[in-house]
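Trainee: Take a look at final27.cif, mmCIF, C-alpha atoms:
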data_target
#
loop_
_atom_site.group_PDB
_atom_site.id
_atom_site.type_symbol
_atom_site.label_atom_id
_atom_site.label_comp_id
_atom_site.auth_asym_id
_atom_site.auth_seq_id
_atom_site.Cartn_x
_atom_site.Cartn_y
_atom_site.Cartn_z
ATOM 1 C CA MET W 1 0.000 0.000 0.000
ATOM 2 C CA ASN W 2 1.115 3.543 -0.716
ATOM 3 C CA PRO W 3 2.812 5.171 2.333
ATOM 4 C CA ASP W 4 0.632 8.289 2.067
ATOM 5 C CA GLY W 5 -2.625 6.357 2.272
ATOM 6 C CA PHE W 6 -3.688 6.672 -1.374
ATOM 7 C CA ALA W 7 -5.643 3.504 -2.055
ATOM 8 C CA ILE W 8 -5.767 3.100 -5.836
ATOM 9 C CA GLY W 9 -3.729 5.628 -7.735
ATOM 10 C CA LEU W 10 -3.156 9.297 -7.173
ATOM 11 C CA PRO W 11 -6.077 11.573 -6.349
ATOM 12 C CA GLU W 12 -7.376 13.799 -9.091
ATOM 13 C CA ILE W 13 -6.374 17.446 -8.844
ATOM 14 C CA ALA W 14 -8.770 19.962 -10.355
ATOM 15 C CA VAL W 15 -7.470 23.138 -11.947
ATOM 16 C CA SER W 16 -9.693 26.024 -10.903
ATOM 17 C CA THR W 17 -8.982 28.184 -13.956
ATOM 18 C CA ASP W 18 -10.269 25.679 -16.530
ATOM 19 C CA PRO W 19 -12.890 22.956 -15.961
ATOM 20 C CA GLU W 20 -11.451 21.011 -18.923
ATOM 21 C CA LEU W 21 -8.017 20.799 -17.271
ATOM 22 C CA ARG W 22 -7.122 18.300 -14.545
ATOM 23 C CA LEU W 23 -4.350 16.120 -13.179
ATOM 24 C CA ARG W 24 -5.225 12.445 -12.946
ATOM 25 C CA TRP W 25 -3.832 8.963 -12.472
ATOM 26 C CA LEU W 26 -2.230 7.438 -15.575
ATOM 27 C CA THR W 27 -3.492 4.058 -16.824
ATOM 28 C CA GLU W 28 -2.724 1.661 -19.671
ATOM 29 C CA ALA W 29 -5.270 3.525 -21.786
ATOM 30 C CA ASP W 30 -2.822 6.439 -21.714
ATOM 31 C CA LEU W 31 0.074 4.527 -23.309
ATOM 32 C CA PRO W 32 -0.450 6.095 -26.776
ATOM 33 C CA ALA W 33 -0.491 9.585 -25.241
ATOM 34 C CA LEU W 34 2.654 8.897 -23.187
ATOM 35 C CA GLN W 35 4.418 7.582 -26.263
ATOM 36 C CA GLN W 36 3.379 10.637 -28.270
ATOM 37 C CA ILE W 37 4.577 13.069 -25.583
ATOM 38 C CA PHE W 38 7.862 11.369 -24.710
ATOM 39 C CA SER W 39 8.843 10.320 -28.229
ATOM 40 C CA ALA W 40 9.270 13.981 -29.183
ATOM 41 C CA PRO W 41 13.013 14.798 -29.042
ATOM 42 C CA GLU W 42 12.243 18.412 -28.101
ATOM 43 C CA VAL W 43 10.370 17.179 -25.001
ATOM 44 C CA VAL W 44 13.064 14.840 -23.662
ATOM 45 C CA ARG W 45 15.980 17.077 -24.654
ATOM 46 C CA TYR W 46 16.111 18.658 -21.195
ATOM 47 C CA MET W 47 14.925 15.641 -19.213
ATOM 48 C CA SER W 48 16.879 12.757 -17.724
ATOM 49 C CA GLY W 49 14.783 10.069 -19.403
ATOM 50 C CA GLU W 50 15.131 8.470 -22.772
ATOM 51 C CA LEU W 51 12.887 8.708 -25.814
ATOM 52 C CA GLN W 52 9.734 6.617 -25.400
ATOM 53 C CA ASP W 53 9.546 5.859 -29.102
ATOM 54 C CA THR W 54 8.050 2.364 -28.845
ATOM 55 C CA GLU W 55 4.996 0.971 -27.121
ATOM 56 C CA GLN W 56 7.249 -1.284 -25.018
ATOM 57 C CA LYS W 57 9.290 1.659 -23.732
ATOM 58 C CA SER W 58 6.089 3.535 -22.887
ATOM 59 C CA ARG W 59 4.734 0.472 -21.087
ATOM 60 C CA GLU W 60 7.953 0.194 -19.037
ATOM 61 C CA TYR W 61 7.763 3.921 -18.274
ATOM 62 C CA LEU W 62 4.163 3.597 -17.043
ATOM 63 C CA LEU W 63 5.187 0.607 -14.906
ATOM 64 C CA SER W 64 7.958 2.688 -13.308
ATOM 65 C CA ILE W 65 5.401 5.424 -12.552
ATOM 66 C CA GLN W 66 3.098 2.887 -10.901
ATOM 67 C CA GLN W 67 5.949 1.315 -8.907
ATOM 68 C CA GLY W 68 7.075 4.766 -7.758
ATOM 69 C CA PHE W 69 3.552 5.403 -6.524
ATOM 70 C CA LEU W 70 3.489 2.159 -4.530
ATOM 71 C CA THR W 71 6.754 2.977 -2.759
ATOM 72 C CA GLY W 72 5.894 6.666 -2.356
ATOM 73 C CA ALA W 73 9.090 7.730 -4.157
ATOM 74 C CA LEU W 74 7.447 9.255 -7.237
ATOM 75 C CA TYR W 75 4.053 10.767 -7.937
ATOM 76 C CA GLN W 76 3.311 11.415 -11.591
ATOM 77 C CA TRP W 77 -0.025 12.614 -12.910
ATOM 78 C CA GLY W 78 -1.337 12.807 -16.436
ATOM 79 C CA LEU W 79 -2.289 16.322 -17.479
ATOM 80 C CA GLU W 80 -5.652 15.954 -19.173
ATOM 81 C CA TRP W 81 -7.119 18.768 -21.232
ATOM 82 C CA CYS W 82 -10.432 18.427 -23.036
ATOM 83 C CA GLY W 83 -10.431 14.649 -22.436
ATOM 84 C CA GLU W 84 -6.908 14.024 -23.782
ATOM 85 C CA VAL W 85 -3.638 13.477 -21.892
ATOM 86 C CA VAL W 86 -1.305 16.151 -23.272
ATOM 87 C CA GLY W 87 1.412 16.166 -20.607
ATOM 88 C CA THR W 88 2.492 15.059 -17.153
ATOM 89 C CA THR W 89 3.457 16.626 -13.848
ATOM 90 C CA THR W 90 5.724 14.941 -11.338
ATOM 91 C CA LEU W 91 6.836 15.054 -7.745
ATOM 92 C CA ALA W 92 9.965 12.895 -7.642
ATOM 93 C CA GLY W 93 12.548 11.945 -5.054
ATOM 94 C CA LEU W 94 10.138 12.431 -2.174
ATOM 95 C CA GLU W 95 12.205 12.603 1.015
ATOM 96 C CA ARG W 96 10.379 11.544 4.143
ATOM 97 C CA TYR W 97 11.007 12.440 7.755
ATOM 98 C CA PRO W 98 8.983 11.750 10.913
ATOM 99 C CA GLY W 99 5.679 13.470 10.370
ATOM 100 C CA GLY W 100 5.522 13.477 6.597
ATOM 101 C CA ILE W 101 7.337 14.323 3.407
ATOM 102 C CA TYR W 102 10.057 16.910 3.714
ATOM 103 C CA GLN W 103 10.842 17.695 0.091
ATOM 104 C CA ALA W 104 10.462 16.639 -3.526
ATOM 105 C CA GLU W 105 11.593 17.679 -6.978
ATOM 106 C CA ILE W 106 9.034 18.972 -9.452
ATOM 107 C CA GLY W 107 9.001 17.983 -13.103
ATOM 108 C CA PHE W 108 6.651 18.565 -16.001
ATOM 109 C CA ALA W 109 6.352 17.754 -19.678
ATOM 110 C CA LEU W 110 3.916 18.886 -22.334
ATOM 111 C CA ALA W 111 3.310 17.728 -25.895
ATOM 112 C CA PRO W 112 4.850 20.297 -28.278
ATOM 113 C CA ALA W 113 1.494 20.944 -29.965
ATOM 114 C CA HIS W 114 0.340 22.534 -26.683
ATOM 115 C CA TRP W 115 3.403 24.648 -25.920
ATOM 116 C CA GLY W 116 2.669 28.330 -25.398
ATOM 117 C CA CYS W 117 -0.999 27.794 -24.490
ATOM 118 C CA GLY W 118 -0.563 28.450 -20.770
ATOM 119 C CA LEU W 119 -1.581 24.939 -19.702
ATOM 120 C CA MET W 120 1.342 24.484 -17.299
ATOM 121 C CA ARG W 121 0.939 28.018 -15.955
ATOM 122 C CA GLN W 122 -2.620 27.068 -14.990
ATOM 123 C CA THR W 123 -1.818 23.546 -13.785
ATOM 124 C CA LEU W 124 1.324 23.851 -11.681
ATOM 125 C CA PRO W 125 -0.256 26.086 -9.000
ATOM 126 C CA ALA W 126 -2.795 23.315 -8.336
ATOM 127 C CA LEU W 127 0.023 20.767 -8.033
ATOM 128 C CA LEU W 128 1.999 23.040 -5.707
ATOM 129 C CA GLU W 129 -1.062 23.627 -3.533
ATOM 130 C CA PHE W 130 -1.613 19.858 -3.292
ATOM 131 C CA ALA W 131 2.065 19.252 -2.473
ATOM 132 C CA PHE W 132 2.316 21.892 0.246
ATOM 133 C CA SER W 133 -1.163 21.562 1.765
ATOM 134 C CA ARG W 134 -2.225 17.952 1.289
ATOM 135 C CA LEU W 135 1.171 16.237 1.348
ATOM 136 C CA GLY W 136 2.714 18.711 3.781
ATOM 137 C CA LEU W 137 5.966 19.256 1.883
ATOM 138 C CA ARG W 138 8.344 21.885 3.281
ATOM 139 C CA ARG W 139 10.350 22.394 0.077
ATOM 140 C CA ILE W 140 10.095 21.715 -3.652
ATOM 141 C CA SER W 141 13.134 21.948 -5.869
ATOM 142 C CA ALA W 142 13.644 21.978 -9.621
ATOM 143 C CA ASP W 143 16.642 21.056 -11.743
ATOM 144 C CA VAL W 144 16.484 22.840 -15.125
ATOM 145 C CA ASP W 145 18.838 23.031 -18.082
ATOM 146 C CA PRO W 146 19.708 26.747 -18.409
ATOM 147 C CA ARG W 147 18.780 26.621 -22.115
ATOM 148 C CA ASN W 148 15.210 25.698 -21.171
ATOM 149 C CA LEU W 149 14.134 29.322 -20.844
ATOM 150 C CA ALA W 150 10.384 28.656 -20.887
ATOM 151 C CA SER W 151 10.595 26.327 -17.875
ATOM 152 C CA LEU W 152 12.866 28.715 -15.988
ATOM 153 C CA ARG W 153 10.479 31.635 -16.598
ATOM 154 C CA LEU W 154 7.489 29.559 -15.494
ATOM 155 C CA LEU W 155 9.123 28.362 -12.278
ATOM 156 C CA GLU W 156 10.291 31.863 -11.386
ATOM 157 C CA PHE W 157 6.780 33.187 -12.103
ATOM 158 C CA LEU W 158 5.505 30.633 -9.559
ATOM 159 C CA GLY W 159 7.965 31.892 -6.926
ATOM 160 C CA PHE W 160 10.889 29.491 -7.303
ATOM 161 C CA GLN W 161 14.247 31.097 -6.567
ATOM 162 C CA ARG W 162 17.520 30.266 -8.272
ATOM 163 C CA GLU W 163 19.854 28.641 -5.775
ATOM 164 C CA GLY W 164 22.808 27.711 -7.919
ATOM 165 C CA LEU W 165 24.271 26.325 -11.107
ATOM 166 C CA MET W 166 25.699 22.838 -11.377
ATOM 167 C CA ARG W 167 28.125 22.916 -14.288
ATOM 168 C CA GLN W 168 28.326 19.873 -16.559
ATOM 169 C CA ARG W 169 25.809 18.080 -14.326
ATOM 170 C CA TYR W 170 24.488 15.625 -16.933
ATOM 171 C CA PHE W 171 25.547 13.742 -20.018
ATOM 172 C CA HIS W 172 22.258 13.219 -21.824
ATOM 173 C CA LEU W 173 21.442 12.393 -25.439
ATOM 174 C CA GLY W 174 25.055 12.800 -26.432
ATOM 175 C CA GLU W 175 25.688 16.200 -24.873
ATOM 176 C CA ILE W 176 26.930 17.654 -21.624
ATOM 177 C CA GLN W 177 24.304 19.732 -19.818
ATOM 178 C CA ASP W 178 24.431 22.197 -16.951
ATOM 179 C CA ALA W 179 21.643 22.432 -14.371
ATOM 180 C CA VAL W 180 20.095 25.464 -12.705
ATOM 181 C CA ILE W 181 18.833 24.539 -9.235
ATOM 182 C CA LEU W 182 15.706 26.330 -8.025
ATOM 183 C CA GLY W 183 13.724 26.005 -4.807
ATOM 184 C CA LEU W 184 10.385 27.016 -3.332
ATOM 185 C CA LEU W 185 9.554 26.766 0.367
ATOM 186 C CA ARG W 186 6.075 26.171 1.756
ATOM 187 C CA ASP W 187 6.122 29.451 3.702
ATOM 188 C CA GLU W 188 7.010 31.338 0.523
ATOM 189 C CA TRP W 189 4.200 29.636 -1.391
ATOM 190 C CA LEU W 190 1.625 30.301 1.328
ATOM 191 C CA SER W 191 2.592 33.968 1.612
ATOM 192 C CA ARG W 192 2.100 34.380 -2.152
ATOM 193 C CA GLN W 193 -1.402 32.877 -1.888
ATOM 194 C CA SER W 194 -2.690 35.277 0.770
#
Translate this file's structure into structure tokens.
Mentor:
Amino acid sequence: MNPDGFAIGLPEIAVSTDPELRLRWLTEADLPALQQIFSAPEVVRYMSGELQDTEQKSREYLLSIQQGFLTGALYQWGLEWCGEVVGTTTLAGLERYPGGIYQAEIGFALAPAHWGCGLMRQTLPALLEFAFSRLGLRRISADVDPRNLASLRLLEFLGFQREGLMRQRYFHLGEIQDAVILGLLRDEWLSRQS
């Protein structure tokens, strides 16, 4: 059983700005959508994962999401808009301490056809509210390639602060990548909401 008491899958998270937008548990029915999202080189360019360019790879990816849920190490939702999964949001590397979850790392991906539509700008506040209020996190961090300007702008818009640069942090898809480290504390989030 999941350590946070979720019985069957992650709870749905509604997005207040758009009734057609929600975060929900991913199932086998979502394999084609996952493959479409994560087989796009421009999506995985700044991520640590590999291209999900076959059904088998997408199936293994979904299995890793479900296993992460069972252990409480990774929570990944499908981002559904108008009845179609067009992206994902993630809380990964959940660190626990007596009394709850101390911190996690946020991640998100969106199918290129939906870039620039504001879907993540609407969705991530709902995820952050869930993480800080429902899960009780104290801190959420992000690890972003400095060339990924859209993600950096979005995170800073949400209140994340740059905390450092890790030079040559990753070797991914044949290239060396730096990483900008950002962080958001629960107190900072709550003060922005009042």
Trainee: Between CA of Asn148 in chain W and CA of Ala126 in chain W, what is the distance, to one decimal in Å?
Mentor: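 Between CA of Asn148 in chain W and CA of Ala126 in chain W the gap is 22.2 Å.
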Trainee: Just checking: using all atoms listed in the file, which residue out of W:Glu156, W:Arg147, W:Gln56, W:Gly183 ends up closest to Glu105 in chain W?
Mentor: W:Gly183
Trainee: For a quick check of understanding, using only C-alpha atoms, which of W:Leu152, W:Leu135, W:Met120, W:Leu173 has the smallest distance to Phe6 in chain W?
Mentor: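 Using only C-alpha atoms, the shortest distance to Phe6 in chain W belongs to W:Leu135.
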Trainee: Run the PyMOL selection byres ((chain W and resi 73-88) around 6) against the file shown and list the residues it catches, as a compact mmCIF listing (two decimals) with C-alpha atoms, in the frame of the given file.
Mentor:
# COMPACT_ATOMS: atom_id res chain seq x y z
CA GLU W 20 -11.45 21.01 -18.92
CA LEU W 21 -8.02 20.80 -17.27
CA ARG W 22 -7.12 18.30 -14.54
CA LEU W 23 -4.35 16.12 -13.18
CA ARG W 24 -5.22 12.44 -12.95
CA TRP W 25 -3.83 8.96 -12.47
CA LEU W 26 -2.23 7.44 -15.58
CA GLY W 68 7.08 4.77 -7.76
CA PHE W 69 3.55 5.40 -6.52
CA THR W 71 6.75 2.98 -2.76
CA GLY W 72 5.89 6.67 -2.36
CA THR W 89 3.46 16.63 -13.85
CA THR W 90 5.72 14.94 -11.34
CA LEU W 91 6.84 15.05 -7.74
CA ALA W 92 9.96 12.90 -7.64
CA GLY W 93 12.55 11.94 -5.05
CA LEU W 94 10.14 12.43 -2.17
CA PHE W 108 6.65 18.57 -16.00
CA ALA W 109 6.35 17.75 -19.68
CA LEU W 110 3.92 18.89 -22.33
CA ALA W 111 3.31 17.73 -25.90
Trainee: What is the distance between CA of Gln122 in chain W and CA of Ala29 in chain W, in Å to one decimal?
Mentor: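 The value is 24.6 Å.
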Trainee: Quick one, how far is CA of Leu149 in chain W from CA of Arg121 in chain W?
Mentor: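 According to the coordinates, CA of Leu149 in chain W and CA of Arg121 in chain W are separated by 14.1 Å.
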Trainee: Between W:Ala142, W:Val180, W:Leu128, W:Arg162, which one has atoms that come closest to Gln193 in chain W, using only C-alpha atoms?
Mentor: W:Leu128
Trainee: So, with all atoms listed in the file as the atoms that count, which of W:Gly159, W:Gly118, W:Gly136, W:Gly5 lies closest to Gln103 in chain W?
Mentor: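 Of W:Gly159, W:Gly118, W:Gly136, W:Gly5, the one nearest Gln103 in chain W, counting all atoms listed in the file, is W:Gly136.
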Trainee: Would you write out, as a list of chain:residue names, every residue that the PyMOL selection byres ((chain W and resi 32-43) around 6) captures in this file?
Mentor: W:Asp30, W:Leu31, W:Val44, W:Arg45, W:Leu51, W:Gln52, W:Asp53, W:Ser58, W:Ala111
Trainee: Restricting the calculation to only C-alpha atoms, which member of W:Val144, W:Leu185, W:Ala113, W:Ala131 is positioned closest to Leu165 in chain W?
Mentor: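 Once distances to Leu165 in chain W are computed over only C-alpha atoms, the minimum belongs to W:Val144.
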Trainee: Go through W:Asp4, W:Glu12, W:Glu50, W:Glu129 and flag the residue nearest Glu188 in chain W, using only C-alpha atoms for the distances.
Mentor: W:Glu129
Trainee: Is it possible to get the axis-aligned box enclosing range 97-112 of chain W (all listed atoms, 6 Å extra per side) as JSON, with centre and edge lengths in Å rounded to one decimal?
Mentor:
{"center_x": 7.5, "center_y": 16.0, "center_z": -8.7, "size_x": 20.3, "size_y": 20.5, "size_z": 51.2}
Trainee: Name the residues that the PyMOL selection byres ((chain W and resi 158) around 9) pulls out of this structure, and write them as number ranges by chain.
Mentor: W: 121, 124-125, 153-157, 159-160, 184, 189, 192
Trainee: Save out the residues we just selected, C-alpha atoms, as a JSON list (two decimals), in the coordinates of the input.
Mentor:
[["chain", "number", "residue", "atom", "x", "y", "z"],
["W", 121, "ARG", "CA", 0.94, 28.02, -15.96],
["W", 124, "LEU", "CA", 1.32, 23.85, -11.68],
["W", 125, "PRO", "CA", -0.26, 26.09, -9.00],
["W", 153, "ARG", "CA", 10.48, 31.64, -16.60],
["W", 154, "LEU", "CA", 7.49, 29.56, -15.49],
["W", 155, "LEU", "CA", 9.12, 28.36, -12.28],
["W", 156, "GLU", "CA", 10.29, 31.86, -11.39],
["W", 157, "PHE", "CA", 6.78, 33.19, -12.10],
["W", 159, "GLY", "CA", 7.96, 31.89, -6.93],
["W", 160, "PHE", "CA", 10.89, 29.49, -7.30],
["W", 184, "LEU", "CA", 10.38, 27.02, -3.33],
["W", 189, "TRP", "CA", 4.20, 29.64, -1.39],
["W", 192, "ARG", "CA", 2.10, 34.38, -2.15]]
Trainee: Might you pull out every residue within 6 Å of Asp178 in chain W, with only C-alpha atoms counted and same-chain residues fewer than 2 positions away left off, and present them as a PyMOL selection string?
Mentor: chain W and resi 145+166-169
Trainee: Residues at most 8 Å from Leu137 in chain W, counting all atoms listed in the file, excluding those fewer than 6 positions away in the same chain, as a PyMOL selection string?
Mentor: chain W and resi 100-104+131+186
